[in-house]
>>> print(open('run.txt').read())   # compact mmCIF, C-alpha atoms
# COMPACT_ATOMS: atom_id res chain seq x y z
CA GLN T 1 14.54 -3.91 -19.95
CA VAL T 2 16.92 -3.21 -17.12
CA GLN T 3 16.72 -5.29 -13.97
CA LEU T 4 17.94 -3.79 -10.70
CA GLU T 5 18.63 -5.48 -7.40
CA GLU T 6 19.45 -3.60 -4.22
CA SER T 7 21.28 -5.02 -1.23
CA GLY T 8 23.00 -3.83 1.90
CA GLY T 9 20.15 -2.47 3.97
CA GLY T 10 19.75 -3.21 7.65
CA LEU T 11 19.44 -1.86 11.17
CA VAL T 12 22.06 0.55 12.43
CA ARG T 13 22.39 2.99 15.31
CA ALA T 14 22.41 6.72 14.69
CA GLY T 15 25.89 7.83 13.70
CA GLY T 16 26.64 4.51 12.05
CA SER T 17 27.23 3.60 8.42
CA LEU T 18 25.82 1.33 5.75
CA ARG T 19 26.71 0.72 2.13
CA LEU T 20 23.95 -0.05 -0.32
CA SER T 21 24.59 -1.76 -3.63
CA CYS T 22 22.51 -1.79 -6.79
CA ALA T 23 23.38 -4.39 -9.39
CA ALA T 24 22.04 -3.80 -12.90
CA SER T 25 21.45 -6.51 -15.47
CA GLY T 26 19.61 -6.98 -18.74
CA ARG T 27 19.81 -4.17 -21.31
CA THR T 28 22.24 -2.11 -19.29
CA SER T 29 23.42 -0.38 -22.47
CA ILE T 30 20.26 1.75 -22.43
CA SER T 31 20.88 2.94 -18.88
CA TYR T 32 22.16 6.54 -18.80
CA ALA T 33 22.10 7.21 -15.09
CA LEU T 34 21.24 5.43 -11.91
CA GLY T 35 19.53 7.13 -9.03
CA TRP T 36 18.79 6.33 -5.42
CA PHE T 37 15.45 7.27 -3.91
CA ARG T 38 13.91 6.58 -0.52
CA GLN T 39 10.43 6.35 0.85
CA ALA T 40 9.27 6.31 4.44
CA PRO T 41 5.76 5.13 5.35
CA GLY T 42 3.15 7.75 4.53
CA THR T 43 5.53 9.90 2.51
CA GLU T 44 6.33 10.40 -1.15
CA ARG T 45 9.34 8.84 -2.80
CA GLU T 46 12.27 11.21 -2.30
CA PHE T 47 15.38 11.77 -4.40
CA VAL T 48 18.65 10.91 -2.64
CA ALA T 49 21.44 10.84 -5.24
CA VAL T 50 22.15 10.17 -8.89
CA ILE T 51 25.20 9.28 -10.95
CA LYS T 52 25.76 8.97 -14.67
CA TRP T 53 27.31 5.66 -15.62
CA THR T 54 30.25 7.62 -17.05
CA GLY T 55 30.78 9.13 -13.62
CA SER T 56 30.80 12.63 -15.09
CA MET T 57 27.77 13.84 -13.15
CA ILE T 58 26.79 13.30 -9.54
CA GLN T 59 24.07 15.08 -7.57
CA TYR T 60 22.80 14.75 -4.03
CA ALA T 61 19.76 15.85 -2.11
CA ASP T 62 20.62 18.61 0.36
CA SER T 63 19.57 16.37 3.23
CA VAL T 64 22.37 13.86 2.53
CA LYS T 65 25.19 16.07 1.21
CA GLY T 66 28.40 15.50 3.12
CA ARG T 67 27.13 12.20 4.59
CA PHE T 68 26.29 10.02 1.57
CA THR T 69 28.54 9.16 -1.36
CA ILE T 70 27.37 7.61 -4.61
CA SER T 71 29.81 5.72 -6.81
CA ARG T 72 29.78 3.19 -9.61
CA ASP T 73 31.73 0.23 -10.90
CA GLY T 74 31.07 0.05 -14.61
CA ALA T 75 32.75 -3.31 -14.99
CA LYS T 76 30.32 -4.80 -12.48
CA ASN T 77 27.31 -2.72 -13.59
CA THR T 78 26.90 -1.81 -9.93
CA VAL T 79 26.24 1.48 -8.19
CA TYR T 80 26.92 2.02 -4.50
CA LEU T 81 25.56 4.39 -1.89
CA GLN T 82 27.87 4.81 1.07
CA MET T 83 25.87 6.27 3.94
CA ASN T 84 27.78 7.70 6.90
CA ASN T 85 26.66 9.51 10.03
CA LEU T 86 23.19 8.07 9.64
CA LYS T 87 20.29 9.82 11.35
CA THR T 88 16.94 8.46 12.46
CA GLU T 89 15.30 10.50 9.71
CA ASP T 90 17.21 8.45 7.13
CA THR T 91 15.00 5.49 8.00
CA ALA T 92 13.19 4.43 4.82
CA THR T 93 13.05 1.89 2.07
CA TYR T 94 15.78 2.73 -0.42
CA PHE T 95 15.24 2.11 -4.12
CA CYS T 96 17.61 2.30 -7.03
CA ALA T 97 16.29 3.24 -10.44
CA SER T 98 17.59 3.51 -13.98
CA ALA T 99 17.01 6.41 -16.37
CA ASP T 100 17.69 6.39 -20.09
CA PHE T 101 19.21 9.22 -22.13
CA SER T 102 15.84 10.77 -23.00
CA GLN T 103 15.36 11.61 -19.29
CA ARG T 104 18.77 13.23 -18.82
CA ASN T 105 17.16 16.53 -17.76
CA ASN T 106 14.67 14.86 -15.44
CA LEU T 107 16.87 12.96 -13.02
CA LEU T 108 15.86 14.59 -9.74
CA GLY T 109 12.36 13.16 -9.62
CA PRO T 110 11.00 9.62 -9.77
CA GLY T 111 9.20 10.32 -13.04
CA GLY T 112 12.48 10.30 -14.96
CA TYR T 113 13.16 6.64 -14.20
CA ALA T 114 11.70 3.73 -16.08
CA TYR T 115 13.16 0.82 -14.14
CA TRP T 116 13.13 0.24 -10.40
CA GLY T 117 14.48 -2.26 -7.96
CA GLN T 118 12.41 -3.84 -5.20
CA GLY T 119 13.98 -1.73 -2.47
CA THR T 120 16.02 -2.42 0.63
CA GLN T 121 15.05 -1.34 4.14
CA VAL T 122 17.29 0.96 6.14
CA THR T 123 16.38 1.50 9.77
CA VAL T 124 18.34 3.89 11.96
CA SER T 125 17.71 3.64 15.68
CA SER T 126 18.39 6.37 18.22
>>> encode(input="run.txt", output="structure tokens")
Amino acid sequence: QVQLEESGGGLVRAGGSLRLSCAASGRTSISYALGWFRQAPGTEREFVAVIKWTGSMIQYADSVKGRFTISRDGAKNTVYLQMNNLKTEDTATYFCASADFSQRNNLLGPGGYAYWGQGTQVTVSS
């Protein structure tokens, strides 16, 4: 199994920045890609960004393009989500999740991910 732990959430004013981290442990060798998702109360879990551990593929949701940057540090088994110019609509619980190679064509939806972190809350005030 792959264990994931998010950190870095908090309360920030609109226009501000936060950097989320996701540290992976356990059988990290089976992890092909790591994605970030978010979920606000009463809504479905929403794709935010994904990166292959090799760094050769990165994708973003249209709603965060140009504001969020996903990156990884393979030596630390950690993926980051730098969030700039935050908006109130970015308020949600943010989850990181790990997908294995068999789900390489299914990385834009939560169903492609077998392992999830507990989530970290991001609140953006106006």
>>> residues_near_point(input="run.txt", point="(28.6, 5.9, -2.2)", cutoff="8 Å", atoms="all atoms listed in the file", output="mmCIF file with C-alpha atoms, keeping the file's coordinate frame")
data_model
loop_
_atom_site.group_PDB
_atom_site.id
_atom_site.type_symbol
_atom_site.label_atom_id
_atom_site.label_comp_id
_atom_site.auth_asym_id
_atom_site.auth_seq_id
_atom_site.Cartn_x
_atom_site.Cartn_y
_atom_site.Cartn_z
ATOM 1 C CA ARG T 19 26.710 0.720 2.130
ATOM 2 C CA LEU T 20 23.950 -0.050 -0.320
ATOM 3 C CA PHE T 68 26.290 10.020 1.570
ATOM 4 C CA THR T 69 28.540 9.160 -1.360
ATOM 5 C CA ILE T 70 27.370 7.610 -4.610
ATOM 6 C CA SER T 71 29.810 5.720 -6.810
ATOM 7 C CA ARG T 72 29.780 3.190 -9.610
ATOM 8 C CA VAL T 79 26.240 1.480 -8.190
ATOM 9 C CA TYR T 80 26.920 2.020 -4.500
ATOM 10 C CA LEU T 81 25.560 4.390 -1.890
ATOM 11 C CA GLN T 82 27.870 4.810 1.070
ATOM 12 C CA MET T 83 25.870 6.270 3.940
#
>>> closest_atom_pairs(input="run.txt", of="region 30-87 of chain T", to="region 103-110 of chain T", cutoff="12 Å", atoms="only C-alpha atoms", output="Markdown table")
| residue | atom | partner | partner_atom | distance |
| --- | --- | --- | --- | --- |
| T:Ile30 | CA | T:Gln103 | CA | 11.4 |
| T:Ser31 | CA | T:Gln103 | CA | 10.3 |
| T:Tyr32 | CA | T:Arg104 | CA | 7.5 |
| T:Ala33 | CA | T:Arg104 | CA | 7.8 |
| T:Leu34 | CA | T:Leu107 | CA | 8.8 |
| T:Gly35 | CA | T:Leu107 | CA | 7.5 |
| T:Trp36 | CA | T:Pro110 | CA | 9.5 |
| T:Phe37 | CA | T:Pro110 | CA | 7.7 |
| T:Arg38 | CA | T:Pro110 | CA | 10.2 |
| T:Gln39 | CA | T:Pro110 | CA | 11.1 |
| T:Glu44 | CA | T:Pro110 | CA | 9.8 |
| T:Arg45 | CA | T:Pro110 | CA | 7.2 |
| T:Glu46 | CA | T:Gly109 | CA | 7.6 |
| T:Phe47 | CA | T:Leu108 | CA | 6.1 |
| T:Val48 | CA | T:Leu108 | CA | 8.5 |
| T:Ala49 | CA | T:Leu108 | CA | 8.1 |
| T:Val50 | CA | T:Leu107 | CA | 7.3 |
| T:Ile51 | CA | T:Leu107 | CA | 9.3 |
| T:Lys52 | CA | T:Arg104 | CA | 9.2 |
| T:Trp53 | CA | T:Arg104 | CA | 11.9 |
| T:Met57 | CA | T:Arg104 | CA | 10.7 |
| T:Ile58 | CA | T:Leu107 | CA | 10.5 |
| T:Gln59 | CA | T:Leu108 | CA | 8.5 |
| T:Tyr60 | CA | T:Leu108 | CA | 9.0 |
| T:Ala61 | CA | T:Leu108 | CA | 8.7 |
| T:Asp62 | CA | T:Leu108 | CA | 11.9 |
>>> residues_around(input="run.txt", residues="Glu89 (chain T)", least_positions_apart="6", cutoff="12 Å", atoms="all atoms listed in the file", output="ChimeraX atom specification")
/T:13-15,38-41,63-64,122-126
>>> atom_distance(input="run.txt", atom1="CA of Thr91 (chain T)", atom2="CA of Cys22 (chain T)")
18.1 Å
>>> residues_around(input="run.txt", residues="Ser7 (chain T)", least_positions_apart="3", cutoff="10 Å", atoms="all atoms listed in the file", output="MDAnalysis selection string")
chainID T and resid 10 19:23 80 94:95 117:121
>>> closest_residue(input="run.txt", among="T:Val12, T:Glu6, T:Ser98, T:Gln1", to="Arg27 (chain T)", atoms="only C-alpha atoms")
T:Gln1
>>> residues_near_point(input="run.txt", point="(23.0, 4.7, 5.3)", cutoff="6 Å", atoms="only C-alpha atoms", output="VMD selection string")
chain T and resid 17 to 18 83 to 84 86
>>> write_last_selection(input="run.txt", atoms="C-alpha atoms", output="short mmCIF file (atom, residue, chain, number, x, y, z; two decimals), in the coordinates of the input")
data_model
loop_
_atom_site.label_atom_id
_atom_site.label_comp_id
_atom_site.auth_asym_id
_atom_site.auth_seq_id
_atom_site.Cartn_x
_atom_site.Cartn_y
_atom_site.Cartn_z
CA SER T 17 27.23 3.60 8.42
CA LEU T 18 25.82 1.33 5.75
CA MET T 83 25.87 6.27 3.94
CA ASN T 84 27.78 7.70 6.90
CA LEU T 86 23.19 8.07 9.64
#
>>> closest_residue(input="run.txt", among="T:Thr28, T:Thr88, T:Thr93, T:Ser102", to="Gly16 (chain T)", atoms="all atoms listed in the file")
T:Thr88
>>> atom_distance(input="run.txt", atom1="CA of Gln3 (chain T)", atom2="CA of Thr54 (chain T)")
19.0 Å
>>> closest_residue(input="run.txt", among="T:Phe101, T:Cys96, T:Lys65, T:Ala75", to="Trp116 (chain T)", atoms="only C-alpha atoms")
T:Cys96
>>> closest_residue(input="run.txt", among="T:Gly42, T:Gly8, T:Gly111, T:Gly74", to="Ser25 (chain T)", atoms="only C-alpha atoms")
T:Gly74
>>> residues_around(input="run.txt", residues="Tyr115 (chain T)", least_positions_apart="2", cutoff="7 Å", atoms="only C-alpha atoms", output="MDAnalysis selection string")
chainID T and resid 2 97:98 113
>>> atom_distance(input="run.txt", atom1="CA of Leu4 (chain T)", atom2="CA of Asp90 (chain T)")
21.6 Å
>>> axis_aligned_box(input="run.txt", around="region 101-107 of chain T", padding_each_side="5 Å", output="AutoDock Vina command-line options")
--center_x 16.9 --center_y 12.9 --center_z -18.0 --size_x 14.5 --size_y 17.3 --size_z 20.0
>>> decode(input="run.txt", residues="region 5-93 of chain T", atoms="C-alpha atoms", output="short mmCIF file (atom, residue, chain, number, x, y, z; two decimals), in the first residue's frame")
data_model
loop_
_atom_site.label_atom_id
_atom_site.label_comp_id
_atom_site.auth_asym_id
_atom_site.auth_seq_id
_atom_site.Cartn_x
_atom_site.Cartn_y
_atom_site.Cartn_z
CA GLU T 5 -0.02 12.63 4.15
CA GLU T 6 -0.99 16.15 3.16
CA SER T 7 0.11 19.31 4.90
CA GLY T 8 0.18 23.04 4.31
CA GLY T 9 -3.47 23.97 4.37
CA GLY T 10 -4.79 26.98 6.23
CA LEU T 11 -6.68 30.25 6.10
CA VAL T 12 -5.62 32.88 3.60
CA ARG T 13 -7.11 36.02 2.12
CA ALA T 14 -8.15 36.14 -1.51
CA GLY T 15 -5.14 36.87 -3.68
CA GLY T 16 -2.81 35.10 -1.29
CA SER T 17 -0.78 31.93 -1.66
CA LEU T 18 -0.36 28.56 -0.01
CA ARG T 19 1.83 25.56 -0.74
CA LEU T 20 0.47 22.11 -0.07
CA SER T 21 2.71 19.09 0.37
CA CYS T 22 1.93 15.42 -0.02
CA ALA T 23 4.45 12.97 1.39
CA ALA T 24 4.23 9.39 0.14
CA SER T 25 5.48 6.36 2.03
CA GLY T 26 5.10 2.59 1.95
CA ARG T 27 5.17 0.88 -1.45
CA THR T 28 5.95 4.04 -3.36
CA SER T 29 7.45 1.98 -6.19
CA ILE T 30 3.93 1.12 -7.37
CA SER T 31 2.89 4.77 -7.56
CA TYR T 32 2.78 5.99 -11.18
CA ALA T 33 1.26 9.42 -10.69
CA LEU T 34 0.06 11.61 -7.90
CA GLY T 35 -2.97 13.80 -8.19
CA TRP T 36 -4.55 16.58 -6.21
CA PHE T 37 -8.31 16.75 -5.80
CA ARG T 38 -10.55 19.03 -3.79
CA GLN T 39 -13.99 18.81 -2.33
CA ALA T 40 -16.19 21.55 -0.94
CA PRO T 41 -19.18 20.73 1.28
CA GLY T 42 -22.09 19.41 -0.74
CA THR T 43 -20.06 18.95 -3.91
CA GLU T 44 -18.32 16.08 -5.64
CA ARG T 45 -14.59 15.54 -5.43
CA GLU T 46 -12.98 17.60 -8.19
CA PHE T 47 -9.74 17.08 -10.09
CA VAL T 48 -7.15 19.83 -9.58
CA ALA T 49 -3.81 18.63 -10.97
CA VAL T 50 -1.75 15.52 -11.61
CA ILE T 51 1.92 14.76 -12.14
CA LYS T 52 3.74 11.60 -13.09
CA TRP T 53 6.55 10.78 -10.69
CA THR T 54 8.95 11.05 -13.65
CA GLY T 55 7.76 14.60 -14.15
CA SER T 56 7.08 13.92 -17.83
CA MET T 57 3.36 14.64 -17.62
CA ILE T 58 1.48 17.39 -15.81
CA GLN T 59 -2.16 18.37 -16.21
CA TYR T 60 -4.35 20.96 -14.55
CA ALA T 61 -8.03 21.64 -14.26
CA ASP T 62 -9.03 24.70 -16.29
CA SER T 63 -10.14 26.45 -13.11
CA VAL T 64 -6.59 26.51 -11.69
CA LYS T 65 -4.42 26.87 -14.81
CA GLY T 66 -2.04 29.78 -14.51
CA ARG T 67 -2.52 29.99 -10.72
CA PHE T 68 -1.51 26.56 -9.38
CA THR T 69 1.72 24.68 -10.01
CA ILE T 70 2.30 21.02 -9.25
CA SER T 71 5.82 19.70 -8.76
CA ARG T 72 7.57 16.73 -7.24
CA ASP T 73 10.73 15.84 -5.37
CA GLY T 74 11.44 12.21 -6.13
CA ALA T 75 14.18 11.95 -3.55
CA LYS T 76 11.72 12.94 -0.85
CA ASN T 77 8.72 11.10 -2.35
CA THR T 78 6.85 14.38 -2.01
CA VAL T 79 4.57 16.26 -4.37
CA TYR T 80 3.77 19.93 -3.95
CA LEU T 81 0.90 22.14 -5.03
CA GLN T 82 1.81 25.81 -5.11
CA MET T 83 -1.40 27.83 -5.12
CA ASN T 84 -1.18 31.52 -6.03
CA ASN T 85 -3.82 34.19 -6.50
CA LEU T 86 -6.25 32.18 -4.45
CA LYS T 87 -9.96 32.85 -4.84
CA THR T 88 -12.82 32.23 -2.44
CA GLU T 89 -14.05 29.48 -4.73
CA ASP T 90 -10.82 27.57 -4.07
CA THR T 91 -12.05 26.92 -0.53
CA ALA T 92 -12.23 23.14 -0.06
CA THR T 93 -10.58 20.17 1.51
#
